[in-house]
Structure formats: structure tokens, C-alpha cells
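Below you'll find the structure, written out as C-alpha cells, and then a few comments.
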Amino acid sequence: MDLTKNEMKLAVEIAQILDDTESIEFHKALVKQYSESYLREKLNVVLKIPKDKIRTSRAAYYNYLVSHNAKHKKNHFRD
């Protein structure tokens, strides 16, 4: 998967923030598929919720929000 320098930086940043570096390939795929603003919006939603209020992990919740909401709002996909 060919990523630009900025795309790679974003994927690594999100993975590190979510303590999910073992899933870096998944984050790279998200960065390729969705706009940066959309991904950051979902990341901010996840980070605002206290850790103890999330049943699984922040990474799992983030993945759910990105995938679930994108299915209903087509304008978040990259051109």
C-alpha cells in the first residue's frame, strides 16, 4: 500500500494515540479510504469519553465509529 508521508504520519499518530500500534496496517487502510478530517473527528469523539466508560478499548470503539458512520455518510470517503 503506497502512502504519502503525511498519510503514514497520520496512521502512526492515530495508532499511537489509541495504543493500537499492532494494528498499524488497519490504520493505514483507514487513512487511504477516509478523509483526515473524518478520522480526526471520530478520534476526538473517542478521546472525550473516559476510558472506564468504554467496554472494550478505545481502538475498538474508534474502529466501530469510523466504519459504522461511514456507511451512512458517503461524503467521508476520499476521492
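Just so we're on the same page: first chain in the C-alpha cells is A, next is B, and so on; residues restart at 1 for each chain, and ligands are numbered from 1 in the order they show up.
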
> Which residues, written as a ChimeraX atom specification, have at least one atom at most 12 Å from A:Tyr61, with only C-alpha atoms counted and residues fewer than 5 positions away on the same chain left out?
Replying inline: /A:18,20,42-47,49,51,53-56,66-69

> If you count only C-alpha atoms, which residues fall within 12 Å of A:Thr4, apart from same-chain ones fewer than 6 positions away, as a ChimeraX atom specification?
Replying inline: /A:10-11,28,31-32

Output the selection as an mmCIF file, in the first residue's frame - N, CA, C and O atoms for each residue.
data_model
loop_
_atom_site.group_PDB
_atom_site.id
_atom_site.type_symbol
_atom_site.label_atom_id
_atom_site.label_comp_id
_atom_site.auth_asym_id
_atom_site.auth_seq_id
_atom_site.Cartn_x
_atom_site.Cartn_y
_atom_site.Cartn_z
ATOM 1 N N LEU A 10 -0.118 10.256 9.783
ATOM 2 C CA LEU A 10 -1.454 10.235 10.382
ATOM 3 C C LEU A 10 -1.799 8.844 10.905
ATOM 4 O O LEU A 10 -2.301 8.700 12.024
ATOM 5 N N ALA A 11 -1.536 7.821 10.114
ATOM 6 C CA ALA A 11 -1.838 6.443 10.540
ATOM 7 C C ALA A 11 -1.066 6.088 11.812
ATOM 8 O O ALA A 11 -1.630 5.520 12.757
ATOM 9 N N LYS A 28 -3.506 2.293 8.409
ATOM 10 C CA LYS A 28 -3.054 2.745 7.086
ATOM 11 C C LYS A 28 -4.198 2.632 6.075
ATOM 12 O O LYS A 28 -4.399 3.526 5.247
ATOM 13 N N VAL A 31 -6.685 5.439 6.618
ATOM 14 C CA VAL A 31 -6.164 6.714 6.135
ATOM 15 C C VAL A 31 -6.286 6.803 4.612
ATOM 16 O O VAL A 31 -6.550 7.874 4.070
ATOM 17 N N LYS A 32 -6.109 5.688 3.939
ATOM 18 C CA LYS A 32 -6.251 5.662 2.484
ATOM 19 C C LYS A 32 -7.716 5.815 2.055
ATOM 20 O O LYS A 32 -8.006 6.375 1.010
#

>> What does the structure give for the distance between atom CA of A:Ile14 and atom CA of A:Leu39, in Å to one decimal?
In response: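 Calculated distance between atom CA of A:Ile14 and atom CA of A:Leu39 is 8.7 Å.
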
> How would you write, as a ChimeraX atom specification, the set of residues in chain A that DSSP gives as helix (DSSP H, G or I)?
Replying inline: /A:5-17,21-33,36-48,51-53,58-72,74-76

>> Restricting the calculation to only C-alpha atoms: of A:Asp19, A:Arg58, A:Asp52, A:Leu65, which residue gets closest to A:Tyr38?
In response: A:Leu65

>> Between atom CA of A:Ser37 and atom CA of A:Glu7, what is the distance in Å, rounded to a tenth?
In response: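 Spanning atom CA of A:Ser37 to atom CA of A:Glu7 is a straight-line distance of 12.2 Å.
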
> In Å, how far is it from atom CA of A:Arg40 to atom CA of A:Glu13?
Replying inline: 10.5 Å

Applying 8 Å and only C-alpha atoms, which residues near A:Val12 remain after dropping the ones on its own chain fewer than 5 positions away? List them as an mmCIF file with N, CA, C and O atoms, in the first residue's frame.
data_model
loop_
_atom_site.group_PDB
_atom_site.id
_atom_site.type_symbol
_atom_site.label_atom_id
_atom_site.label_comp_id
_atom_site.auth_asym_id
_atom_site.auth_seq_id
_atom_site.Cartn_x
_atom_site.Cartn_y
_atom_site.Cartn_z
ATOM 1 N N THR A 21 -0.740 0.138 18.055
ATOM 2 C CA THR A 21 0.285 0.063 17.011
ATOM 3 C C THR A 21 0.371 -1.320 16.364
ATOM 4 O O THR A 21 0.850 -1.428 15.239
ATOM 5 N N ILE A 24 -1.351 -1.334 12.873
ATOM 6 C CA ILE A 24 -0.949 -0.222 12.008
ATOM 7 C C ILE A 24 -1.428 -0.414 10.568
ATOM 8 O O ILE A 24 -1.805 0.562 9.913
ATOM 9 N N HIS A 27 -4.913 0.852 10.305
ATOM 10 C CA HIS A 27 -4.957 2.314 10.348
ATOM 11 C C HIS A 27 -4.477 2.917 9.027
ATOM 12 O O HIS A 27 -5.011 3.930 8.577
ATOM 13 N N LYS A 28 -3.506 2.293 8.409
ATOM 14 C CA LYS A 28 -3.054 2.745 7.086
ATOM 15 C C LYS A 28 -4.198 2.632 6.075
ATOM 16 O O LYS A 28 -4.399 3.526 5.247
#
